[in-house]
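File shown here: coords-v5.txt, holding compact mmCIF, C-alpha atoms.
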# COMPACT_ATOMS: atom_id res chain seq x y z
CA MET A 7 -46.97 -44.68 -82.68
CA LYS A 8 -46.26 -43.36 -79.20
CA VAL A 9 -44.92 -39.79 -79.30
CA ARG A 10 -44.90 -37.88 -76.04
CA GLN A 11 -42.61 -34.99 -75.21
CA ASP A 12 -43.93 -33.68 -71.89
CA ALA A 13 -41.94 -34.02 -68.67
CA TRP A 14 -42.34 -36.82 -66.15
CA THR A 15 -44.44 -36.04 -63.08
CA ASP A 16 -44.16 -37.47 -59.57
CA GLU A 17 -47.26 -39.57 -60.24
CA ASN A 18 -45.63 -41.00 -63.37
CA ASP A 19 -42.47 -41.88 -61.43
CA LEU A 20 -44.54 -43.50 -58.69
CA LEU A 21 -46.48 -45.57 -61.22
CA LEU A 22 -43.22 -46.64 -62.88
CA ALA A 23 -41.65 -47.67 -59.55
CA GLU A 24 -44.72 -49.58 -58.34
CA THR A 25 -45.07 -51.45 -61.64
CA VAL A 26 -41.38 -52.42 -61.84
CA LEU A 27 -41.31 -53.61 -58.21
CA ARG A 28 -44.47 -55.66 -58.74
CA HIS A 29 -43.05 -57.34 -61.86
CA VAL A 30 -39.73 -58.12 -60.13
CA ARG A 31 -41.47 -59.43 -57.01
CA GLU A 32 -43.79 -61.75 -58.97
CA GLY A 33 -41.07 -63.17 -61.23
CA SER A 34 -41.60 -61.07 -64.36
CA THR A 35 -39.06 -58.88 -66.16
CA GLN A 36 -38.38 -55.16 -65.99
CA LEU A 37 -38.84 -54.94 -69.77
CA ASN A 38 -42.39 -56.24 -69.36
CA ALA A 39 -42.98 -53.60 -66.67
CA PHE A 40 -41.68 -50.86 -68.99
CA GLU A 41 -44.16 -52.01 -71.65
CA GLU A 42 -47.07 -51.84 -69.20
CA VAL A 43 -46.13 -48.36 -67.99
CA GLY A 44 -45.56 -47.22 -71.58
CA ASP A 45 -49.05 -48.26 -72.60
CA LYS A 46 -50.57 -46.52 -69.57
CA LEU A 47 -48.64 -43.27 -70.05
CA ASN A 48 -48.55 -43.33 -73.87
CA ARG A 49 -44.75 -43.53 -73.87
CA THR A 50 -42.33 -45.99 -75.40
CA SER A 51 -40.89 -48.80 -73.32
CA ALA A 52 -37.41 -47.44 -74.07
CA ALA A 53 -38.34 -44.07 -72.57
CA CYS A 54 -39.70 -45.79 -69.46
CA GLY A 55 -36.53 -47.87 -69.14
CA PHE A 56 -34.33 -44.80 -69.48
CA ARG A 57 -36.36 -42.94 -66.86
CA TRP A 58 -36.12 -45.90 -64.46
CA ASN A 59 -32.36 -46.38 -64.80
CA ALA A 60 -31.49 -42.67 -64.87
CA VAL A 61 -33.78 -41.19 -62.20
CA VAL A 62 -36.20 -43.48 -60.41
CA ARG A 63 -34.15 -46.57 -59.59
CA HIS A 64 -31.79 -45.01 -57.05
CA ARG A 65 -34.80 -43.77 -55.04
CA TYR A 66 -36.17 -47.31 -54.68
CA GLU A 67 -32.94 -49.29 -54.42
CA LYS A 68 -33.85 -50.83 -51.05
CA ALA A 69 -37.35 -51.67 -52.25
CA LEU A 70 -35.87 -53.28 -55.38
CA GLN A 71 -33.55 -55.48 -53.29
CA LEU A 72 -36.50 -56.47 -51.09
CA ALA A 73 -38.56 -57.35 -54.17
CA LYS A 74 -35.73 -59.58 -55.44
CA LYS A 75 -35.58 -61.36 -52.08
CA GLN A 76 -39.33 -61.91 -52.19
CA ARG A 77 -38.98 -63.30 -55.72
CA LYS A 78 -36.34 -65.79 -54.49
CA GLN A 79 -38.59 -66.85 -51.62
CA ARG A 80 -41.46 -67.31 -54.09
CA GLN A 81 -39.22 -69.42 -56.32
CA ARG A 82 -38.23 -71.62 -53.39
CA VAL A 83 -41.91 -72.14 -52.51
CA LEU A 84 -42.93 -72.97 -56.09
CA GLY A 85 -39.87 -75.11 -56.77
CA LYS A 86 -37.13 -74.87 -59.38
CA ASP A 87 -39.30 -76.14 -62.25
CA GLN A 88 -41.97 -73.47 -61.80
CA GLY A 89 -40.35 -70.59 -59.89
CA GLY A 90 -37.22 -70.35 -62.03
CA LYS A 91 -39.01 -69.34 -65.22
CA LYS A 92 -39.74 -65.75 -66.10
CA LYS A 93 -43.46 -65.14 -66.37
CA LEU A 94 -44.68 -61.98 -68.04
CA LEU A 95 -47.45 -60.29 -66.08
CA TYR A 96 -48.51 -57.88 -68.85
CA SER A 97 -49.48 -58.62 -72.43
CA PRO A 98 -49.53 -55.51 -74.67
CA PRO A 99 -52.77 -55.14 -76.66
CA VAL A 100 -52.49 -56.27 -80.26
CA THR A 101 -53.68 -53.53 -82.59
CA ALA A 102 -55.28 -54.17 -85.95
CA SER A 103 -52.26 -52.88 -87.85
CA VAL A 104 -49.88 -55.22 -86.04
CA SER A 105 -52.21 -58.19 -86.61
CA GLU A 106 -52.38 -57.39 -90.33
CA GLU A 107 -48.58 -57.11 -90.56
CA LEU A 108 -48.12 -60.47 -88.82
CA GLU A 109 -50.70 -62.19 -91.01
CA THR A 110 -49.06 -60.88 -94.20
CA LEU A 111 -45.58 -62.11 -93.24
CA PRO A 112 -44.46 -64.98 -95.53
CA LEU A 113 -43.78 -68.39 -94.07
CA PRO A 114 -40.11 -69.40 -93.55
CA ALA A 115 -40.24 -71.80 -96.52
CA GLU A 116 -41.49 -69.02 -98.82
CA MET A 117 -39.22 -66.22 -97.58
CA PRO A 118 -36.08 -65.49 -99.69
CA LEU A 119 -32.81 -65.71 -97.79
CA GLU A 120 -31.65 -62.23 -98.76
CA THR A 121 -34.98 -60.48 -98.04
CA ALA A 122 -34.93 -58.12 -95.03
CA VAL A 123 -38.26 -58.05 -93.19
CA GLU A 124 -39.05 -55.58 -90.41
CA VAL A 125 -40.65 -57.74 -87.69
CA PRO A 126 -43.03 -55.93 -85.30
CA GLU A 127 -42.22 -55.79 -81.60
CA MET A 128 -45.07 -58.20 -80.76
CA ALA A 129 -43.62 -60.84 -83.05
CA VAL A 130 -40.18 -60.53 -81.40
CA GLU A 131 -41.72 -61.06 -77.97
CA PHE A 132 -43.66 -64.08 -79.24
CA ALA A 133 -40.48 -65.56 -80.73
CA ALA A 134 -38.65 -65.11 -77.42
CA GLU A 135 -41.45 -66.90 -75.57
CA THR A 136 -41.41 -69.83 -78.04
CA PHE A 137 -37.64 -70.17 -77.57
CA GLU A 138 -38.05 -70.63 -73.80
CA ASN A 139 -40.99 -73.06 -74.07
CA PRO A 140 -40.76 -75.84 -76.73
CA ALA A 141 -44.48 -76.59 -76.31
CA VAL A 142 -45.26 -73.06 -77.43
CA THR A 143 -42.98 -73.55 -80.45
CA GLN A 144 -45.03 -76.53 -81.53
CA THR A 145 -48.21 -74.50 -81.10
CA TYR A 146 -46.76 -71.67 -83.19
CA ARG A 147 -45.83 -74.00 -86.04
CA GLN A 148 -49.30 -75.48 -86.15
CA PRO A 149 -50.99 -72.68 -88.18
CA ALA A 150 -48.67 -73.33 -91.15
CA THR A 151 -50.08 -76.86 -91.53
CA THR A 152 -53.63 -76.60 -90.20
CA GLY A 153 -54.54 -73.05 -91.27
CA LEU A 154 -55.20 -71.62 -87.80
CA SER A 155 -55.41 -67.86 -87.56
CA LEU A 156 -53.00 -65.72 -85.56
CA ASP A 157 -55.81 -64.55 -83.27
CA SER A 158 -56.63 -68.13 -82.26
CA VAL A 159 -52.97 -68.84 -81.51
CA ILE A 160 -52.65 -65.70 -79.38
CA SER A 161 -55.90 -66.53 -77.58
CA TYR A 162 -54.68 -70.07 -76.90
CA LEU A 163 -51.35 -68.82 -75.50
CA GLN A 164 -53.07 -66.29 -73.27
CA ASN A 165 -55.45 -68.94 -71.93
CA PHE A 166 -52.52 -71.30 -71.42
CA HIS A 167 -50.65 -68.61 -69.50
CA HIS A 168 -53.67 -67.86 -67.29
CA ALA A 169 -54.18 -71.59 -66.65
CA ASN A 170 -50.56 -71.90 -65.50
CA LEU A 171 -51.00 -68.97 -63.15
CA GLN A 172 -54.16 -70.51 -61.72
CA ASN A 173 -52.41 -73.85 -61.23
CA GLU A 174 -49.55 -72.18 -59.42
CA ALA A 175 -51.97 -70.27 -57.21
CA LEU A 176 -53.83 -73.50 -56.39
CA LYS A 177 -50.58 -75.29 -55.57
CA SER A 178 -49.48 -72.45 -53.30
CA GLU A 179 -52.88 -72.47 -51.58
CA ASN A 180 -52.65 -76.25 -51.18
CA GLU A 181 -49.21 -75.98 -49.57
CA ARG A 182 -50.48 -73.26 -47.22
CA LEU A 183 -53.46 -75.39 -46.18
CA LYS A 184 -51.17 -78.36 -45.56
CA ARG A 185 -48.97 -76.26 -43.29
CA GLU A 186 -52.02 -74.96 -41.41
CA MET A 187 -53.38 -78.51 -41.05
CA ALA A 188 -50.05 -79.73 -39.64
CA GLU A 189 -50.00 -76.81 -37.19
CA LEU A 190 -53.58 -77.50 -36.09
CA ARG A 191 -52.80 -81.20 -35.67
CA LYS A 192 -49.83 -80.32 -33.48
CA GLN A 193 -51.95 -77.97 -31.37
CA ASN A 194 -54.59 -80.69 -31.04
CA GLU A 195 -52.01 -83.15 -29.74
CA GLU A 196 -50.73 -80.58 -27.23
CA MET A 197 -54.26 -79.85 -26.00
CA THR A 198 -54.99 -83.59 -25.67
CA ALA A 199 -51.87 -84.04 -23.55
CA LYS A 200 -52.86 -81.08 -21.35
CA ILE A 201 -56.38 -82.47 -20.87
CA ALA A 202 -54.98 -85.88 -19.89
CA GLY A 203 -52.71 -84.18 -17.34
CA LEU A 204 -55.60 -82.18 -15.90
CA GLU A 205 -57.74 -85.30 -15.60
CA GLN A 206 -54.96 -87.07 -13.73
CA ASN A 207 -54.53 -84.10 -11.40
CA SER A 208 -58.29 -84.03 -10.83
CA GLU A 209 -58.30 -87.71 -9.80
CA THR A 210 -55.40 -87.11 -7.40
CA ILE A 211 -57.17 -84.13 -5.84
CA GLN A 212 -60.37 -86.20 -5.45
CA GLU A 213 -58.49 -88.98 -3.68
CA ASP A 214 -56.78 -86.49 -1.34
CA TYR A 215 -60.13 -84.89 -0.57
CA GLU A 216 -61.74 -88.21 0.32
CA THR A 217 -58.78 -89.13 2.57
CA LEU A 218 -59.00 -85.76 4.33
CA MET A 219 -62.74 -86.18 4.92
CA LYS A 220 -62.16 -89.63 6.45
CA ILE A 221 -59.56 -88.18 8.85
CA MET A 222 -61.88 -85.34 9.85
CA ASN A 223 -64.77 -87.72 10.51
CA ARG A 224 -62.57 -89.94 12.63
CA ALA A 225 -61.32 -86.96 14.66
CA ARG A 226 -64.91 -85.75 15.17
CA LYS A 227 -65.92 -89.18 16.51
CA LEU A 228 -62.98 -89.23 18.92
CA VAL A 229 -63.93 -85.81 20.33
CA LEU A 230 -67.54 -86.90 20.93
CA PHE A 231 -66.40 -90.10 22.58
CA GLU A 232 -64.11 -88.23 25.00
CA GLU A 233 -66.90 -85.81 25.93
CA GLU A 234 -69.25 -88.68 26.71
CA GLU A 235 -66.72 -90.42 28.96
CA ARG A 236 -65.77 -87.30 30.96
CA PRO A 237 -67.74 -87.14 34.31
CA ALA A 238 -70.06 -84.22 34.88
CA THR A 239 -68.85 -81.51 37.30
CA LYS A 240 -70.97 -81.12 40.47
CA PHE A 241 -71.56 -77.86 42.40
CA LYS A 242 -73.17 -77.02 45.73
CA MET A 243 -74.38 -73.77 47.25
CA ASP A 244 -73.03 -72.57 50.61
CA ARG A 245 -74.90 -70.48 53.13
CA ASN A 246 -73.98 -67.27 51.45
CA GLY A 247 -75.41 -68.40 48.09
CA ASN A 248 -72.09 -69.01 46.42
CA LEU A 249 -71.52 -72.08 44.25
CA GLU A 250 -68.66 -74.36 45.16
CA LYS A 251 -67.27 -77.22 43.14
CA VAL A 252 -67.71 -80.54 44.84
CA ALA A 253 -64.58 -82.61 44.86
CA GLU A 254 -64.96 -85.99 43.21
Take the structure in this file and express it as structure tokens.
Amino acid sequence: MKVRQDAWTDENDLLLAETVLRHVREGSTQLNAFEEVGDKLNRTSAACGFRWNAVVRHRYEKALQLAKKQRKQRQRVLGKDQGGKKKLLYSPPVTASVSEELETLPLPAEMPLETAVEVPEMAVEFAAETFENPAVTQTYRQPATTGLSLDSVISYLQNFHHANLQNEALKSENERLKREMAELRKQNEEMTAKIAGLEQNSETIQEDYETLMKIMNRARKLVLFEEEERPATKFKMDRNGNLEKVAE
């Protein structure tokens, strides 16, 4: 039994806030977060919930709203069938005393109608989970007919929960890779169009260059031809030794 009377520290409040925000962001419940913090701090989940609502919550109101928005975005990505369900992130450890109490509980057919039985907290949580998921209800009823132990049922449910989380993670990763592939394909098409444009521009520049070279060669030939046809200038020297141009 958890009995703790000391005051809350800043580290305890920070742990409580971080755990609650993580559970809300990833689609779990605040009650599940209170259970996780209670086990870590050796406090009851009720004490953690009271501390959150009375003291800590108003400090992280903006962060809580942001976590809820992120949870909605996650639900839209996963779809209504998967994202809309509450998924508990923390499973409290089952102690030997609780296991013994659950194993000694009589079956519904053997339990008198007027008998009051104190059901442990773990059994209440398990009943809530079976109400939300009919498949789990069938699994829970199986031990009464086949003789399965409670430990095997709990182990199966935990493995089933982990398998669902892995499937959701793989689906999210697959969607992300599809988006990246579409983006890369779009970039590839844009680069191909740019390369085609550059090749066309290169061909145009090559044609212009060849035309310009032809014009320059023709002009060079014309200049040489004019110099060959121009008569040579003649000079003669007078008596004083000066050169004079001879008229043609």
>> List the spatial neighbours of region 10-26 of chain A as an MDAnalysis selection string - criterion: any atom at most 6 Å away, all atoms listed in the file, same-chain residues fewer than 2 positions off excluded.
In response: chainID A and resid 28:29 36 39
Only C-alpha atoms, please: the residues just picked out, written as a CSV table (one decimal), keeping the file's coordinate frame.
chain,number,residue,atom,x,y,z
A,28,ARG,CA,-44.5,-55.7,-58.7
A,29,HIS,CA,-43.0,-57.3,-61.9
A,36,GLN,CA,-38.4,-55.2,-66.0
A,39,ALA,CA,-43.0,-53.6,-66.7
> Within 9 Å of (-37.5, -50.2, -57.0), in the coordinates the file gives, what residues turn up when you count all atoms listed in the file, written out as a VMD selection string?
Replying inline: chain A and resid 22 to 27 30 58 62 to 73
>> Quick check, in Å to one decimal: how far apart do CA of Gly203 (chain A) and CA of Arg185 (chain A) lie?
In response: 27.4 Å
> What does the distance from CA of Lys78 (chain A) to CA of Glu174 (chain A) come to in Å, to one decimal?
Replying inline: 15.5 Å
> Rounded to one decimal in Å, what is the spacing between CA of Ile160 (chain A) and CA of Gly33 (chain A)?
Replying inline: 21.7 Å
